[in-house]
Every structure is written in C-alpha cells, then in structure tokens.
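Asks: Starting off with a structure, shown below.
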Amino acid sequence: MPTETAALDARPYDALMLYSFGGPDKPEDVVPFLRNVTAGKGIPDSRLEAVGEHYYGFGGKSPINEQNLALKAALEKEIAERGLDLPVVWGNRNWAPYTTDAVDELEAMGATRAVTLVTSAYSSYSGCRQYREDLATVLDQRGQLGPEGSTGVRFDKIRSYFNTPGYVQGNADAVVEAYATLAAQGGDPAAARLLFVTHSIPATMDAASGVGHATYREQHLDIAALVAAQAGERLGHAVEWELAYCSRSGPPHQPWLEPDVNDRLGEFAQAGVRDVVISPIGFVSDHMEVAYDLDTEALATAREHGMVAVRAGTVGTREVFVRQLVDLVLERAALARGEDVEQAVVGSLPAFPSVTPNDCCLRVHEQPSGIPALCSEDMHR
C-alpha cells in the first residue's frame with residue numbers, strides 16, 4: 001500500500017530552501033534589481049527607470065520580501081508543530097538574499113541535502129525551469145556542479161502544486177470572502193462575474209510548457225473551474241467565471257497570452273456587467289503584480305466603468321496552504337526514499353513530476369538554452 005504523505009519523516013532532507021523571485025527594498029535598489037531581472041536583454045537604464053515607476057509608487061519597495069519572510073515563519077511554525085527537525089532557508093533569483101546566499105547558509109549549518117520550494121504554483125519556464133537553471137548556474141560558479149548535479153549540498157524540489165487540495169481550497173476560501181466583501185459594498189453577489197487573473201507569458205513559452213503535461217494556460221483553466229465550483233457551492237449560486245492575464249511585457253509584435261484584465265473589464269462594462277470579483281489565482285502572495293497591476297490598475301479600470309469590484313486575497317500564509325506545502329515536502333521525502341506515495345491532487349490533471357523531463361518547460365520548444373537545469377532527468381539531483 002502507498003505510504004501516507006503526512007508521515008512525519010523528512011529524511012533524506014536536512015533543510016528546506018524557500019526559493020523566490022526577489023524584489024527591491026528601497027528606491028535605490030529598483031534599477032539594479034531590474035537589471036538583474038532583464039540581464040542579457042540589453043535594456044537601457046532609462047527604460048528600467050520607466051518600468052521602475054511601479055515600484056517608486058510604493059516607496060521603491062516590493063511587498064514580496066516581507067511576504068516571503070512571513071511564509072518562511074509560517075513554514076517553520078508548521079514544521080515545528082509536526083515535530084520535524086528541518087530548518088528553512090530563503091533565497092531569491094534576482095535580489096538579496098540571493099541563491100548563493102542561501103547555499104552559503106545551508107553549508108554553514110552543515111546541510112547535505114535540501115528540498116526546494118519555489119514560490120510559483122504552476123509549471124512553465126519562468127515558474128519552474130528558470131529557477132532550476134539559476135540554481136545550476138550558481139552551483140557552477142561555485143565550482144559545485146557535476147554531471148549529476150551538485151557536488152556540495154544536493155537539491156531536489158517539490159512538484160508544481162497548483163492542483164493540490166490546499167492550494168485550491170485556499171483560493172476558494174479567498175473567493176468566498178471576496179463575495180462577502182462585494183455584498184457589503186453594495187454589489188450583487190448573484191450577478192457578479194468572477195475574473196481569475198494570472199501573469200501573462202509569451203505564447204511560445206506557453207506552448208513549450210506543455211511538453212509532457214498540460215500547458216500553463218491549461219493548468220490555470222483546470223483549477224479555476226474547480227475553485228469557481230467550490231465557491232459557487234458555498235455561496236449557494238452558480239458563479240460565472242473566466243481567465244484573464246496581467247503584467248505583459250516584451251515587444252508589441254510578440255504574442256502573449258490574452259485577454260488583458262483591463263481590456264476584459266472594459267468588455268464586461270460594455271456588456272452590462274456591474275459587479276466583479278478579481279481572483280489572482282496565478283499568484284501565491286500579494287507581490288507587485290498584484291499590488292500594482294490589480295489593486296492599482298485593474299480596480300481603477302473597474303471604477304472608471306462604474307463597477308463594484310473586489311480583489312480576492314492570495315493563498316499567502318493561509319493555514320490550509322501552509323499545511324499543504326509541508327505535506328508536499330514530506331511527500332517528496334518519501335519519493336526520495338524510494339517509497340510508493342499516493343500524491344494528492346484535485347481537478348482533472350495528474351500530479352506533475354518532481355524530477356522533470358529534460359525538455360520540459362523550455363523558454364521555446366525544442367530550443368534549449370544550453371544552461372543545465374537541476375532536478376531534471378539528465379541532472380536528477
């Protein structure tokens with residue numbers, strides 16, 4: 001029989017690495033941070049200054065770092081309550097503490113094998129492979145990358161977790177709360193449209209994300225349907241929903257996933273929709289894409305059209321989500337021990353692999369970057 005994923009055994013792992021995007025902490029950090037994000041693209045500082053206006057409007061500080069600290073603390077609390085000895089370190093791709101800082105911390109504590117939790121629930125180049133490439137690059141720079149992965153601290157990762165019960169329930173809870181807020185603001189919950197929103201990506205990246213499993217877009221649609229159904233059942237009425245996108249960047253001629261959330265809100269208004277709940281289903285926490293693209297831009301668009309609009313919360317540090325993440329750590333540990341594990345999923349899609357295929361989640365299908373990616377079949381550690 002399969003083992004229970006909640007079994008209190010984290011072996012062979014002696015640490016958990018929380019791995020995120022990073023963000024600036026003060027105005028003078030903004031352009032250097034954006035240089036990191038856009039490295040190799042030749043974007044001039046003048047353009048980065050313009051893009052940085054999103055951050056300057058919030059005092060030059062992204063909310064993501066404080067939210068990662070809150071998630072780290074919540075994970076530590078849940079781990080301690082389960083009686084596990086598994087310290088948590090935090091590292092970012094694009095700002096301090098950087099990936100190499102996290103590896104330094106792991107080495108200082110004597111860790112030998114860490115399980116990695118990426119703060120992106122979905123599988124795509126930017127949400128999965130880019131993190132694994134960054135980790136391999138950092139290890140290579142440290143002289144710690146061999147043919148089968150790290151020659152120092154070894155790394156595995158938990159699977160993409162968009163279709164886990166805790167992630168879906170956390171989003172459904174947030175949607176139900178948002179409908180209550182809408183009613184309190186004079187809106188009509190029974191007539192309200194539910195607009196799920198996620199980060200747009202290039203159409204080529206979406207296509208490449210589907211090698212071996214559902215695409216990024218399909219992942220969202222599958223779970224959005226489930227969240228809407230759960231919310232509707234609890235609200236006592238059907239919920240009409242659809243998926244939109246935010247945070248598009250890149251050249252105008254390059255196709256990205258659409259529709260844009262602001263365009264869709266305008267179309268809602270033309271169709272007579274007056275009440276909207278916006279659910280940031282693609283985001284784990286309320287970082288800049290939520291704070292600016294949704295709380296600032298999208299809600300302003302709704303007001304301009306005379307709508308009553310409420311933005312639902314993210315899963316953040318909700319207890320049901322944090323419990324799910326620790327369950328996934330223990331599931332990954334059991335898999336690493338070679339045990340037969342029943343992987344909890346909801347929706348129509350299967351559990352995504354923890355060790356990914358070599359060509360999974362490339363930036364463009366059949367166009368490898370040439371950068372090794374940890375936790376894949378050809379570099380399984």
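Here, A, B, ... name the chains of the structure tokens in the order displayed, residue numbers run from 1 inside each chain, and ligands are numbered from 1 in the same displayed order.
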Return as a Markdown table the residues of range 295-375 of chain A lying at most 7 Å from range 193-213 of chain A, together with the closest atom-to-atom pair for each and the distance in Å to one decimal, counting only C-alpha atoms, with rows in chain order and ascending residue number.
Replies:
```
| residue | atom | partner | partner_atom | distance |
| --- | --- | --- | --- | --- |
| A:Cys360 | CA | A:Val211 | CA | 5.6 |
| A:Cys361 | CA | A:Ser209 | CA | 4.4 |
| A:Leu362 | CA | A:Ala208 | CA | 5.8 |
| A:Arg363 | CA | A:Met205 | CA | 5.1 |
| A:Val364 | CA | A:Met205 | CA | 5.5 |
| A:His365 | CA | A:Ala208 | CA | 4.5 |
```
Asks: Pull the closest atom pair for each residue of range 264-284 of chain A that gets at most 10 Å from range 238-249 of chain A, along with the distance in Å to one decimal, counting only C-alpha atoms, ordering rows by chain and then ascending residue number, as a tab-separated table.
Replies:
```
residue	atom	partner	partner_atom	distance
A:Arg264	CA	A:Ala244	CA	7.3
A:Leu265	CA	A:Ala244	CA	9.6
A:Val276	CA	A:Trp241	CA	9.8
A:Val277	CA	A:Trp241	CA	9.4
A:Ile278	CA	A:Ala244	CA	9.6
A:Ser279	CA	A:Leu243	CA	9.4
A:Pro280	CA	A:Tyr245	CA	9.4
A:Ile281	CA	A:Leu243	CA	9.2
A:Gly282	CA	A:Tyr245	CA	9.1
```
Asks: When DSSP works through the backbone of this structure, what residues of range 201-240 of chain A end up as alpha helix (DSSP H), shown as a PDB file with C-alpha atoms, in the first residue's frame?
Replies:
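Listing of states_31.pdb after writing:
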```pdb
ATOM      1  CA  ALA A 203       2.576  32.224 -26.405  1.00  0.00           C
ATOM      2  CA  THR A 204       5.751  30.321 -27.331  1.00  0.00           C
ATOM      3  CA  MET A 205       6.559  29.790 -23.650  1.00  0.00           C
ATOM      4  CA  ASP A 206       3.022  28.570 -23.017  1.00  0.00           C
ATOM      5  CA  ALA A 207       3.346  26.046 -25.850  1.00  0.00           C
ATOM      6  CA  ALA A 208       6.721  24.848 -24.530  1.00  0.00           C
ATOM      7  CA  TYR A 216       0.490  26.801 -18.296  1.00  0.00           C
ATOM      8  CA  ARG A 217      -2.849  28.083 -19.600  1.00  0.00           C
ATOM      9  CA  GLU A 218      -4.500  24.674 -19.272  1.00  0.00           C
ATOM     10  CA  GLN A 219      -3.221  24.311 -15.710  1.00  0.00           C
ATOM     11  CA  HIS A 220      -4.939  27.566 -14.756  1.00  0.00           C
ATOM     12  CA  LEU A 221      -8.191  26.747 -16.523  1.00  0.00           C
ATOM     13  CA  ASP A 222      -8.441  23.361 -14.826  1.00  0.00           C
ATOM     14  CA  ILE A 223      -8.028  24.770 -11.344  1.00  0.00           C
ATOM     15  CA  ALA A 224     -10.061  27.920 -11.973  1.00  0.00           C
ATOM     16  CA  ALA A 225     -13.055  25.740 -12.850  1.00  0.00           C
ATOM     17  CA  LEU A 226     -12.621  23.848  -9.596  1.00  0.00           C
ATOM     18  CA  VAL A 227     -12.244  26.981  -7.453  1.00  0.00           C
ATOM     19  CA  ALA A 228     -15.322  28.542  -9.075  1.00  0.00           C
ATOM     20  CA  ALA A 229     -17.351  25.357  -8.497  1.00  0.00           C
ATOM     21  CA  GLN A 230     -16.307  25.137  -4.833  1.00  0.00           C
ATOM     22  CA  ALA A 231     -17.033  28.820  -4.284  1.00  0.00           C
ATOM     23  CA  GLY A 232     -20.408  28.581  -6.013  1.00  0.00           C
ATOM     24  CA  GLU A 233     -21.436  25.617  -3.885  1.00  0.00           C
ATOM     25  CA  ARG A 234     -20.623  27.515  -0.712  1.00  0.00           C
ATOM     26  CA  LEU A 235     -22.263  30.716  -1.938  1.00  0.00           C
TER      27      LEU A 235
END
```
Asks: Between A:Gly266, A:Pro44, A:Gly23, A:Gly127, which is the closest to Ala298 in chain A once you count only C-alpha atoms?
Replies: A:Gly266
Asks: What is the CA of Pro27 in chain A-CA of Glu49 in chain A distance in Å, reported with one decimal?
Replies: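 Computing the Euclidean distance for CA of Pro27 in chain A and CA of Glu49 in chain A yields 10.6 Å.
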Asks: Which value, in Å to one decimal, gives the distance between CA of Thr356 in chain A and CA of Ala214 in chain A?
Replies: 13.5 Å
Asks: I'd like the contact shell of range 151-160 of chain A - 8 Å cut-off, only C-alpha atoms, skipping same-chain residues fewer than 5 positions apart - returned as a PyMOL selection string.
Replies: chain A and resi 103+106-107+111-118+120-123+128+144-146+328-329+332+351-355+374-375+380-381
Asks: Determine, counting only C-alpha atoms, which protein, DNA and RNA residues have an atom within 9 Å of an atom of Gly306 in chain A; residues of the same chain fewer than 3 positions away are not included. Present the result as a list of chain:residue names.
Replies: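 Once the adjacent positions are removed, what remains is A:Ala269, A:Arg274, A:Thr301, A:Ala302, A:Arg303.
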Asks: Set the distance at 8 Å and use only C-alpha atoms: which residues neighbour Gln67 in chain A once local chain neighbours fewer than 5 positions away are removed? I'd like the list as number ranges by chain.
Replies: A: 285-287, 316
